[in-house]
>>> print(open('model-v9.cif').read())   # mmCIF, N, CA and C atoms and all ligand atoms
data_data
loop_
_atom_site.label_atom_id
_atom_site.label_comp_id
_atom_site.auth_asym_id
_atom_site.auth_seq_id
_atom_site.Cartn_x
_atom_site.Cartn_y
_atom_site.Cartn_z
N MET A 1 2.05 18.39 -0.32
CA MET A 1 1.99 17.10 0.37
C MET A 1 1.91 15.97 -0.65
N GLU A 2 1.08 16.17 -1.67
CA GLU A 2 0.92 15.10 -2.64
C GLU A 2 2.15 14.95 -3.52
N SER A 3 2.87 16.04 -3.66
CA SER A 3 3.98 16.00 -4.60
C SER A 3 5.03 14.97 -4.16
N LYS A 4 5.21 14.84 -2.87
CA LYS A 4 6.21 13.89 -2.39
C LYS A 4 5.82 12.46 -2.77
N TYR A 5 4.53 12.18 -2.61
CA TYR A 5 3.99 10.86 -2.97
C TYR A 5 4.23 10.62 -4.46
N GLU A 6 3.94 11.63 -5.25
CA GLU A 6 4.10 11.48 -6.69
C GLU A 6 5.57 11.34 -7.07
N GLU A 7 6.40 12.08 -6.38
CA GLU A 7 7.84 11.97 -6.63
C GLU A 7 8.32 10.55 -6.42
N MET A 8 7.83 9.96 -5.33
CA MET A 8 8.23 8.61 -4.99
C MET A 8 7.77 7.64 -6.08
N MET A 9 6.54 7.85 -6.54
CA MET A 9 6.01 6.98 -7.58
C MET A 9 6.79 7.17 -8.89
N ASP A 10 7.18 8.40 -9.14
CA ASP A 10 8.02 8.69 -10.31
C ASP A 10 9.32 7.92 -10.24
N ARG A 11 9.88 7.93 -9.03
CA ARG A 11 11.16 7.27 -8.83
C ARG A 11 11.03 5.76 -9.09
N ILE A 12 9.92 5.20 -8.61
CA ILE A 12 9.69 3.78 -8.83
C ILE A 12 9.64 3.50 -10.32
N LEU A 13 8.95 4.39 -11.02
CA LEU A 13 8.85 4.20 -12.47
C LEU A 13 10.21 4.22 -13.13
N LYS A 14 11.05 5.16 -12.68
CA LYS A 14 12.37 5.28 -13.29
C LYS A 14 13.27 4.11 -12.92
N GLU A 15 13.05 3.60 -11.70
CA GLU A 15 13.88 2.47 -11.27
C GLU A 15 13.49 1.18 -11.98
N ARG A 16 12.28 1.16 -12.43
CA ARG A 16 11.81 -0.05 -13.11
C ARG A 16 12.57 -0.26 -14.41
N LYS A 17 12.69 -1.52 -14.76
CA LYS A 17 13.31 -1.81 -16.04
C LYS A 17 12.37 -1.34 -17.14
N SER A 18 12.92 -0.73 -18.12
CA SER A 18 12.08 -0.28 -19.22
C SER A 18 11.71 -1.46 -20.11
N GLY A 19 10.77 -1.25 -20.95
CA GLY A 19 10.40 -2.32 -21.87
C GLY A 19 8.97 -2.77 -21.65
N SER A 20 8.53 -2.80 -20.40
CA SER A 20 7.16 -3.20 -20.16
C SER A 20 6.25 -1.98 -20.32
N GLY A 21 5.09 -2.18 -20.86
CA GLY A 21 4.23 -1.06 -21.23
C GLY A 21 3.40 -0.48 -20.10
N ASN A 22 3.10 -1.28 -19.09
CA ASN A 22 2.17 -0.76 -18.09
C ASN A 22 2.86 0.11 -17.05
N ARG A 23 2.33 1.31 -16.91
CA ARG A 23 2.89 2.24 -15.93
C ARG A 23 2.23 2.02 -14.58
N PHE A 24 2.98 2.32 -13.55
CA PHE A 24 2.47 2.16 -12.19
C PHE A 24 1.97 3.50 -11.70
N GLU A 25 0.66 3.68 -11.71
CA GLU A 25 0.08 4.95 -11.28
C GLU A 25 -1.08 4.70 -10.34
N PRO A 26 -0.78 4.48 -9.07
CA PRO A 26 -1.86 4.21 -8.12
C PRO A 26 -2.79 5.41 -8.00
N PRO A 27 -4.07 5.15 -7.82
CA PRO A 27 -5.02 6.25 -7.65
C PRO A 27 -4.78 7.01 -6.36
N GLU A 28 -5.28 8.20 -6.34
CA GLU A 28 -5.21 9.09 -5.19
C GLU A 28 -5.80 8.44 -3.93
N ILE A 29 -5.14 8.65 -2.81
CA ILE A 29 -5.68 8.20 -1.52
C ILE A 29 -6.17 9.43 -0.76
N ASP A 30 -7.43 9.41 -0.38
CA ASP A 30 -8.00 10.52 0.37
C ASP A 30 -7.83 10.30 1.86
N VAL A 31 -7.38 11.33 2.55
CA VAL A 31 -7.22 11.25 4.00
C VAL A 31 -7.88 12.48 4.60
N TYR A 32 -8.82 12.28 5.52
CA TYR A 32 -9.48 13.43 6.13
C TYR A 32 -9.98 13.10 7.53
N PRO A 33 -10.01 14.11 8.36
CA PRO A 33 -10.45 13.88 9.74
C PRO A 33 -11.96 13.70 9.84
N VAL A 34 -12.37 12.79 10.70
CA VAL A 34 -13.80 12.60 11.02
C VAL A 34 -13.88 12.60 12.54
N GLY A 35 -14.29 13.70 13.11
CA GLY A 35 -14.32 13.81 14.56
C GLY A 35 -12.92 13.61 15.13
N GLN A 36 -12.81 12.66 16.04
CA GLN A 36 -11.51 12.36 16.65
C GLN A 36 -10.76 11.28 15.87
N LYS A 37 -11.29 10.94 14.71
CA LYS A 37 -10.68 9.87 13.93
C LYS A 37 -10.21 10.36 12.57
N THR A 38 -9.52 9.49 11.87
CA THR A 38 -9.04 9.83 10.54
C THR A 38 -9.57 8.79 9.55
N ALA A 39 -10.19 9.26 8.49
CA ALA A 39 -10.69 8.34 7.46
C ALA A 39 -9.69 8.30 6.31
N VAL A 40 -9.45 7.09 5.83
CA VAL A 40 -8.53 6.91 4.70
C VAL A 40 -9.30 6.17 3.61
N ASN A 41 -9.48 6.84 2.50
CA ASN A 41 -10.19 6.20 1.39
C ASN A 41 -9.17 5.59 0.44
N ALA A 42 -8.89 4.32 0.68
CA ALA A 42 -7.85 3.65 -0.10
C ALA A 42 -8.40 2.48 -0.91
N GLU A 43 -9.73 2.51 -1.13
CA GLU A 43 -10.37 1.38 -1.80
C GLU A 43 -9.82 1.20 -3.23
N LYS A 44 -9.76 2.31 -3.97
CA LYS A 44 -9.26 2.23 -5.35
C LYS A 44 -7.79 1.82 -5.37
N PHE A 45 -7.06 2.37 -4.40
CA PHE A 45 -5.63 2.03 -4.28
C PHE A 45 -5.48 0.52 -4.05
N ALA A 46 -6.29 -0.02 -3.14
CA ALA A 46 -6.21 -1.45 -2.81
C ALA A 46 -6.48 -2.30 -4.04
N LYS A 47 -7.50 -1.88 -4.82
CA LYS A 47 -7.81 -2.63 -6.05
C LYS A 47 -6.66 -2.53 -7.03
N TYR A 48 -6.10 -1.33 -7.11
CA TYR A 48 -5.03 -1.11 -8.08
C TYR A 48 -3.80 -1.96 -7.78
N VAL A 49 -3.42 -1.99 -6.51
CA VAL A 49 -2.22 -2.76 -6.16
C VAL A 49 -2.55 -4.22 -5.87
N ASN A 50 -3.85 -4.57 -5.98
CA ASN A 50 -4.25 -5.96 -5.84
C ASN A 50 -3.94 -6.52 -4.45
N ARG A 51 -4.27 -5.71 -3.44
CA ARG A 51 -4.07 -6.15 -2.06
C ARG A 51 -5.38 -5.96 -1.30
N PRO A 52 -5.65 -6.85 -0.32
CA PRO A 52 -6.89 -6.68 0.44
C PRO A 52 -6.87 -5.39 1.26
N LEU A 53 -8.00 -4.69 1.25
CA LEU A 53 -8.09 -3.44 2.01
C LEU A 53 -7.80 -3.69 3.49
N ASN A 54 -8.21 -4.85 3.95
CA ASN A 54 -7.97 -5.23 5.34
C ASN A 54 -6.49 -5.30 5.69
N HIS A 55 -5.70 -5.75 4.73
CA HIS A 55 -4.26 -5.85 4.96
C HIS A 55 -3.66 -4.46 5.05
N ILE A 56 -4.12 -3.56 4.19
CA ILE A 56 -3.64 -2.18 4.21
C ILE A 56 -4.05 -1.51 5.53
N ALA A 57 -5.28 -1.79 5.96
CA ALA A 57 -5.76 -1.24 7.23
C ALA A 57 -4.90 -1.72 8.40
N LYS A 58 -4.62 -3.02 8.40
CA LYS A 58 -3.79 -3.58 9.47
C LYS A 58 -2.40 -2.97 9.46
N PHE A 59 -1.88 -2.78 8.26
CA PHE A 59 -0.56 -2.19 8.13
C PHE A 59 -0.55 -0.78 8.72
N LEU A 60 -1.54 0.03 8.37
CA LEU A 60 -1.60 1.41 8.88
C LEU A 60 -1.76 1.42 10.40
N MET A 61 -2.60 0.53 10.91
CA MET A 61 -2.80 0.47 12.36
C MET A 61 -1.51 0.10 13.07
N HIS A 62 -0.78 -0.84 12.46
CA HIS A 62 0.49 -1.29 13.02
C HIS A 62 1.53 -0.16 12.97
N GLU A 63 1.64 0.48 11.83
CA GLU A 63 2.65 1.53 11.64
C GLU A 63 2.36 2.77 12.49
N LEU A 64 1.09 3.09 12.63
CA LEU A 64 0.73 4.32 13.34
C LEU A 64 0.34 4.02 14.79
N THR A 65 0.45 2.75 15.16
CA THR A 65 0.01 2.27 16.47
C THR A 65 -1.31 2.91 16.89
N ALA A 66 -2.27 2.74 15.99
CA ALA A 66 -3.60 3.30 16.24
C ALA A 66 -4.64 2.19 16.11
N PRO A 67 -5.72 2.30 16.87
CA PRO A 67 -6.82 1.36 16.64
C PRO A 67 -7.50 1.72 15.33
N GLY A 68 -8.15 0.76 14.73
CA GLY A 68 -8.80 1.07 13.46
C GLY A 68 -9.69 -0.03 12.98
N GLN A 69 -10.37 0.26 11.88
CA GLN A 69 -11.29 -0.71 11.27
C GLN A 69 -11.60 -0.27 9.86
N VAL A 70 -12.19 -1.19 9.09
CA VAL A 70 -12.70 -0.82 7.78
C VAL A 70 -14.20 -0.68 7.95
N ASP A 71 -14.74 0.49 7.61
CA ASP A 71 -16.18 0.69 7.84
C ASP A 71 -17.01 0.15 6.67
N GLU A 72 -18.34 0.33 6.77
CA GLU A 72 -19.23 -0.29 5.77
C GLU A 72 -19.11 0.35 4.40
N THR A 73 -18.48 1.52 4.33
CA THR A 73 -18.28 2.14 3.02
C THR A 73 -16.85 1.91 2.52
N SER A 74 -16.19 0.91 3.10
CA SER A 74 -14.83 0.53 2.68
C SER A 74 -13.80 1.64 2.88
N LYS A 75 -14.01 2.42 3.92
CA LYS A 75 -12.98 3.38 4.29
C LYS A 75 -12.26 2.86 5.53
N ILE A 76 -10.97 3.15 5.58
CA ILE A 76 -10.21 2.75 6.76
C ILE A 76 -10.38 3.87 7.78
N ILE A 77 -10.85 3.53 8.96
CA ILE A 77 -11.05 4.53 10.01
C ILE A 77 -10.01 4.27 11.10
N LEU A 78 -9.16 5.28 11.31
CA LEU A 78 -8.10 5.16 12.32
C LEU A 78 -8.44 6.03 13.53
N GLY A 79 -8.20 5.49 14.71
CA GLY A 79 -8.42 6.27 15.92
C GLY A 79 -7.30 7.30 16.07
N GLY A 80 -7.65 8.55 16.22
CA GLY A 80 -6.64 9.61 16.35
C GLY A 80 -6.54 10.42 15.08
N HIS A 81 -5.79 11.49 15.16
CA HIS A 81 -5.61 12.38 14.01
C HIS A 81 -4.27 12.12 13.33
N PHE A 82 -4.32 11.86 12.05
CA PHE A 82 -3.10 11.68 11.27
C PHE A 82 -3.19 12.53 10.02
N SER A 83 -2.11 13.21 9.70
CA SER A 83 -2.13 14.06 8.52
C SER A 83 -2.02 13.21 7.27
N LYS A 84 -2.46 13.79 6.18
CA LYS A 84 -2.38 13.10 4.89
C LYS A 84 -0.93 12.75 4.58
N LYS A 85 -0.04 13.69 4.92
CA LYS A 85 1.39 13.49 4.67
C LYS A 85 1.89 12.20 5.34
N VAL A 86 1.54 12.06 6.62
CA VAL A 86 1.98 10.89 7.38
C VAL A 86 1.40 9.61 6.79
N VAL A 87 0.11 9.63 6.48
CA VAL A 87 -0.53 8.43 5.94
C VAL A 87 0.07 8.06 4.57
N LEU A 88 0.31 9.07 3.73
CA LEU A 88 0.87 8.77 2.40
C LEU A 88 2.30 8.26 2.50
N GLU A 89 3.04 8.75 3.48
CA GLU A 89 4.40 8.22 3.69
C GLU A 89 4.34 6.74 4.04
N LYS A 90 3.37 6.39 4.88
CA LYS A 90 3.21 4.97 5.25
C LYS A 90 2.79 4.16 4.04
N MET A 91 1.96 4.75 3.20
CA MET A 91 1.52 4.02 2.01
C MET A 91 2.68 3.82 1.03
N ASN A 92 3.56 4.80 0.97
CA ASN A 92 4.77 4.63 0.15
C ASN A 92 5.57 3.43 0.64
N TYR A 93 5.65 3.33 1.95
CA TYR A 93 6.37 2.24 2.58
C TYR A 93 5.66 0.91 2.28
N TYR A 94 4.36 0.94 2.34
CA TYR A 94 3.57 -0.26 2.03
C TYR A 94 3.87 -0.76 0.61
N VAL A 95 3.87 0.20 -0.32
CA VAL A 95 4.13 -0.15 -1.72
C VAL A 95 5.52 -0.79 -1.85
N LYS A 96 6.48 -0.18 -1.16
CA LYS A 96 7.85 -0.68 -1.23
C LYS A 96 7.97 -2.08 -0.63
N GLU A 97 7.30 -2.29 0.50
CA GLU A 97 7.43 -3.56 1.22
C GLU A 97 6.56 -4.67 0.65
N TYR A 98 5.36 -4.33 0.23
CA TYR A 98 4.37 -5.37 -0.08
C TYR A 98 3.93 -5.42 -1.54
N VAL A 99 4.33 -4.45 -2.33
CA VAL A 99 3.84 -4.43 -3.71
C VAL A 99 4.97 -4.57 -4.73
N ILE A 100 5.96 -3.68 -4.64
CA ILE A 100 7.03 -3.68 -5.63
C ILE A 100 7.94 -4.90 -5.44
N CYS A 101 8.19 -5.63 -6.52
CA CYS A 101 9.06 -6.82 -6.45
C CYS A 101 10.47 -6.41 -6.06
N LYS A 102 10.99 -7.09 -5.05
CA LYS A 102 12.33 -6.73 -4.57
C LYS A 102 13.42 -7.24 -5.50
N GLN A 103 13.02 -8.13 -6.37
CA GLN A 103 13.98 -8.69 -7.31
C GLN A 103 14.16 -7.80 -8.54
N CYS A 104 13.03 -7.44 -9.16
CA CYS A 104 13.12 -6.73 -10.43
C CYS A 104 12.45 -5.37 -10.42
N GLY A 105 11.76 -5.01 -9.33
CA GLY A 105 11.14 -3.69 -9.25
C GLY A 105 9.79 -3.57 -9.93
N SER A 106 9.25 -4.68 -10.37
CA SER A 106 7.94 -4.62 -11.03
C SER A 106 6.82 -4.50 -10.00
N PRO A 107 5.81 -3.68 -10.29
CA PRO A 107 4.65 -3.61 -9.39
C PRO A 107 3.62 -4.69 -9.68
N ASP A 108 3.89 -5.49 -10.67
CA ASP A 108 2.94 -6.50 -11.10
C ASP A 108 3.13 -7.78 -10.27
N THR A 109 2.66 -7.72 -9.03
CA THR A 109 2.88 -8.82 -8.10
C THR A 109 1.58 -9.25 -7.43
N GLN A 110 1.59 -10.42 -6.86
CA GLN A 110 0.45 -10.91 -6.10
C GLN A 110 0.91 -11.23 -4.70
N MET A 111 -0.03 -11.19 -3.76
CA MET A 111 0.33 -11.59 -2.41
C MET A 111 -0.50 -12.82 -2.04
N GLN A 112 0.17 -13.81 -1.49
CA GLN A 112 -0.51 -15.03 -1.10
C GLN A 112 -0.26 -15.29 0.38
N LYS A 113 -1.26 -15.88 0.99
CA LYS A 113 -1.14 -16.21 2.40
C LYS A 113 -0.98 -17.72 2.51
N VAL A 114 0.13 -18.16 3.08
CA VAL A 114 0.37 -19.58 3.27
C VAL A 114 0.72 -19.80 4.74
N ASP A 115 -0.12 -20.56 5.43
CA ASP A 115 0.12 -20.83 6.86
C ASP A 115 0.37 -19.56 7.66
N LYS A 116 -0.50 -18.59 7.51
CA LYS A 116 -0.43 -17.32 8.24
C LYS A 116 0.74 -16.43 7.82
N ASN A 117 1.53 -16.89 6.87
CA ASN A 117 2.61 -16.04 6.38
C ASN A 117 2.26 -15.52 5.00
N PHE A 118 2.66 -14.29 4.74
CA PHE A 118 2.39 -13.70 3.45
C PHE A 118 3.61 -13.81 2.54
N TYR A 119 3.31 -14.15 1.29
CA TYR A 119 4.36 -14.23 0.28
C TYR A 119 3.99 -13.33 -0.88
N VAL A 120 4.99 -12.65 -1.40
CA VAL A 120 4.78 -11.86 -2.60
C VAL A 120 5.31 -12.66 -3.77
N LYS A 121 4.48 -12.76 -4.78
CA LYS A 121 4.90 -13.46 -5.99
C LYS A 121 4.89 -12.48 -7.14
N CYS A 122 6.03 -12.41 -7.83
CA CYS A 122 6.15 -11.45 -8.93
C CYS A 122 5.71 -12.10 -10.24
N LEU A 123 4.83 -11.40 -10.94
CA LEU A 123 4.36 -11.92 -12.22
C LEU A 123 5.32 -11.55 -13.34
N GLY A 124 6.25 -10.64 -12.99
CA GLY A 124 7.22 -10.21 -13.99
C GLY A 124 8.39 -11.18 -14.10
N CYS A 125 9.06 -11.43 -12.97
CA CYS A 125 10.29 -12.24 -13.02
C CYS A 125 10.11 -13.59 -12.34
N GLY A 126 8.97 -13.80 -11.67
CA GLY A 126 8.71 -15.09 -11.05
C GLY A 126 9.26 -15.23 -9.64
N ALA A 127 9.89 -14.19 -9.12
CA ALA A 127 10.44 -14.26 -7.77
C ALA A 127 9.32 -14.46 -6.75
N GLU A 128 9.64 -15.15 -5.67
CA GLU A 128 8.67 -15.37 -4.61
C GLU A 128 9.39 -15.26 -3.28
N TYR A 129 8.90 -14.39 -2.40
CA TYR A 129 9.58 -14.23 -1.12
C TYR A 129 8.59 -13.86 -0.03
N PRO A 130 8.93 -14.21 1.21
CA PRO A 130 8.03 -13.88 2.32
C PRO A 130 8.12 -12.40 2.68
N VAL A 131 7.02 -11.84 3.12
CA VAL A 131 7.03 -10.47 3.61
C VAL A 131 6.58 -10.44 5.06
N GLY A 132 6.89 -9.37 5.73
CA GLY A 132 6.63 -9.26 7.16
C GLY A 132 5.16 -9.49 7.51
N ARG A 133 4.96 -10.10 8.64
CA ARG A 133 3.61 -10.39 9.10
C ARG A 133 3.11 -9.24 9.95
N LEU A 134 1.85 -8.92 9.81
CA LEU A 134 1.27 -7.86 10.61
C LEU A 134 0.43 -8.48 11.71
N LYS A 135 0.64 -7.97 12.93
CA LYS A 135 -0.13 -8.53 14.04
C LYS A 135 -1.44 -7.77 14.20
ZN ZN B 201 10.10 -9.47 -10.11
#
>>> encode(input="model-v9.cif", output="structure tokens")
Amino acid sequence: MESKYEEMMDRILKERKSGSGNRFEPPEIDVYPVGQKTAVNAEKFAKYVNRPLNHIAKFLMHELTAPGQVDETSKIILGGHFSKKVVLEKMNYYVKEYVICKQCGSPDTQMQKVDKNFYVKCLGCGAEYPVGRLK
């Protein structure tokens, strides 16, 4: 299950322009069932990609059409059972949509909120573009 996630990250690395020294290696995301819910430990991931955990939580809730919240230990709790495979696939999508620069492929980006709209700003090439809004 994890290998697919790593493969995808490998591909991102290869697609990136060479020359820059920092490698993109997001930390492991833990996914495990808690009763009728699924806990996602993505705190380190959120810090690594420099995105608010709340935004990642909203994204997962939107993608999986599940209710959810961030609990007091900074874990994302989703209503229902979701496999690690499914959650990691969504996280791959998150990285593609909200982290990796669409212009140059650099993961070194920031996200800004302007008038309820999110913009990704690339620190590598300077590109700035709006990204989809999560309800
Ligand atoms: Zn860029």
>>> residues_near_ligand(input="model-v9.cif", ligand="ligand ZN 201 (chain B)", cutoff="7 Å", atoms="all atoms listed in the file", output="PyMOL selection string")
chain A and resi 100-106+121-127
>>> closest_residue(input="model-v9.cif", among="A:Asp30, A:Glu43, A:Glu128, A:Glu6", to="A:Val99", atoms="only C-alpha atoms")
A:Glu128
>>> residues_around(input="model-v9.cif", residues="A:Val131", least_positions_apart="3", cutoff="8 Å", atoms="only N, CA and C atoms", output="list in words")
Glu97, Tyr98, Asn117, Phe118, Tyr119, Val120, Glu128 and Leu134 of chain A
>>> atom_distance(input="model-v9.cif", atom1="atom N of A:Ala66", atom2="atom C of A:Lys90")
13.1 Å
>>> closest_residue(input="model-v9.cif", among="A:Tyr5, A:Lys75, A:Gly80, A:Pro67", to="A:Gln36", atoms="all atoms listed in the file")
A:Gly80
>>> atom_distance(input="model-v9.cif", atom1="atom N of A:Pro107", atom2="atom C of A:Asn50")
11.7 Å
>>> atom_distance(input="model-v9.cif", atom1="atom N of A:Pro33", atom2="atom CA of A:Met91")
16.6 Å
>>> select_by_dssp(input="model-v9.cif", residues="chain A", states="alpha helix (DSSP H)", output="ChimeraX atom specification")
/A:2-15,43-49,53-64,84-94
>>> closest_residue(input="model-v9.cif", among="A:Arg23, A:Arg51, A:Asn92, A:Val40", to="A:Thr109", atoms="all atoms listed in the file")
A:Arg51
>>> residues_around(input="model-v9.cif", residues="A:Asn41", least_positions_apart="2", cutoff="6.5 Å", atoms="all atoms listed in the file", output="PyMOL selection string")
chain A and resi 28-32+39+43-45+74-76
>>> select_by_dssp(input="model-v9.cif", residues="chain A", states="strand (DSSP E or B)", output="number ranges by chain")
A: 30-34, 37-41, 68-70, 76-79, 109-114, 117-122, 128-131
>>> write_last_selection(input="model-v9.cif", atoms="N, CA and C atoms", output="compact mmCIF listing (two decimals), in the frame of the given file")
# COMPACT_ATOMS: atom_id res chain seq x y z
N ASP A 30 -7.43 9.41 -0.38
CA ASP A 30 -8.00 10.52 0.37
C ASP A 30 -7.83 10.30 1.86
N VAL A 31 -7.38 11.33 2.55
CA VAL A 31 -7.22 11.25 4.00
C VAL A 31 -7.88 12.48 4.60
N TYR A 32 -8.82 12.28 5.52
CA TYR A 32 -9.48 13.43 6.13
C TYR A 32 -9.98 13.10 7.53
N PRO A 33 -10.01 14.11 8.36
CA PRO A 33 -10.45 13.88 9.74
C PRO A 33 -11.96 13.70 9.84
N VAL A 34 -12.37 12.79 10.70
CA VAL A 34 -13.80 12.60 11.02
C VAL A 34 -13.88 12.60 12.54
N LYS A 37 -11.29 10.94 14.71
CA LYS A 37 -10.68 9.87 13.93
C LYS A 37 -10.21 10.36 12.57
N THR A 38 -9.52 9.49 11.87
CA THR A 38 -9.04 9.83 10.54
C THR A 38 -9.57 8.79 9.55
N ALA A 39 -10.19 9.26 8.49
CA ALA A 39 -10.69 8.34 7.46
C ALA A 39 -9.69 8.30 6.31
N VAL A 40 -9.45 7.09 5.83
CA VAL A 40 -8.53 6.91 4.70
C VAL A 40 -9.30 6.17 3.61
N ASN A 41 -9.48 6.84 2.50
CA ASN A 41 -10.19 6.20 1.39
C ASN A 41 -9.17 5.59 0.44
N GLY A 68 -8.15 0.76 14.73
CA GLY A 68 -8.80 1.07 13.46
C GLY A 68 -9.69 -0.03 12.98
N GLN A 69 -10.37 0.26 11.88
CA GLN A 69 -11.29 -0.71 11.27
C GLN A 69 -11.60 -0.27 9.86
N VAL A 70 -12.19 -1.19 9.09
CA VAL A 70 -12.70 -0.82 7.78
C VAL A 70 -14.20 -0.68 7.95
N ILE A 76 -10.97 3.15 5.58
CA ILE A 76 -10.21 2.75 6.76
C ILE A 76 -10.38 3.87 7.78
N ILE A 77 -10.85 3.53 8.96
CA ILE A 77 -11.05 4.53 10.01
C ILE A 77 -10.01 4.27 11.10
N LEU A 78 -9.16 5.28 11.31
CA LEU A 78 -8.10 5.16 12.32
C LEU A 78 -8.44 6.03 13.53
N GLY A 79 -8.20 5.49 14.71
CA GLY A 79 -8.42 6.27 15.92
C GLY A 79 -7.30 7.30 16.07
N THR A 109 2.66 -7.72 -9.03
CA THR A 109 2.88 -8.82 -8.10
C THR A 109 1.58 -9.25 -7.43
N GLN A 110 1.59 -10.42 -6.86
CA GLN A 110 0.45 -10.91 -6.10
C GLN A 110 0.91 -11.23 -4.70
N MET A 111 -0.03 -11.19 -3.76
CA MET A 111 0.33 -11.59 -2.41
C MET A 111 -0.50 -12.82 -2.04
N GLN A 112 0.17 -13.81 -1.49
CA GLN A 112 -0.51 -15.03 -1.10
C GLN A 112 -0.26 -15.29 0.38
N LYS A 113 -1.26 -15.88 0.99
CA LYS A 113 -1.14 -16.21 2.40
C LYS A 113 -0.98 -17.72 2.51
N VAL A 114 0.13 -18.16 3.08
CA VAL A 114 0.37 -19.58 3.27
C VAL A 114 0.72 -19.80 4.74
N ASN A 117 1.53 -16.89 6.87
CA ASN A 117 2.61 -16.04 6.38
C ASN A 117 2.26 -15.52 5.00
N PHE A 118 2.66 -14.29 4.74
CA PHE A 118 2.39 -13.70 3.45
C PHE A 118 3.61 -13.81 2.54
N TYR A 119 3.31 -14.15 1.29
CA TYR A 119 4.36 -14.23 0.28
C TYR A 119 3.99 -13.33 -0.88
N VAL A 120 4.99 -12.65 -1.40
CA VAL A 120 4.78 -11.86 -2.60
C VAL A 120 5.31 -12.66 -3.77
N LYS A 121 4.48 -12.76 -4.78
CA LYS A 121 4.90 -13.46 -5.99
C LYS A 121 4.89 -12.48 -7.14
N CYS A 122 6.03 -12.41 -7.83
CA CYS A 122 6.15 -11.45 -8.93
C CYS A 122 5.71 -12.10 -10.24
N GLU A 128 9.64 -15.15 -5.67
CA GLU A 128 8.67 -15.37 -4.61
C GLU A 128 9.39 -15.26 -3.28
N TYR A 129 8.90 -14.39 -2.40
CA TYR A 129 9.58 -14.23 -1.12
C TYR A 129 8.59 -13.86 -0.03
N PRO A 130 8.93 -14.21 1.21
CA PRO A 130 8.03 -13.88 2.32
C PRO A 130 8.12 -12.40 2.68
N VAL A 131 7.02 -11.84 3.12
CA VAL A 131 7.03 -10.47 3.61
C VAL A 131 6.58 -10.44 5.06
>>> axis_aligned_box(input="model-v9.cif", around="stretch 101-105 of chain A", padding_each_side="5 Å", output="AutoDock Vina command-line options")
--center_x 11.2 --center_y -6.1 --center_z -7.5 --size_x 16.0 --size_y 15.1 --size_z 15.9
>>> residues_around(input="model-v9.cif", residues="A:Ala57", least_positions_apart="5", cutoff="7 Å", atoms="all atoms listed in the file", output="list in words")
Pro52, His62, Gly68, Gln69, Val70 and Ile76 of chain A
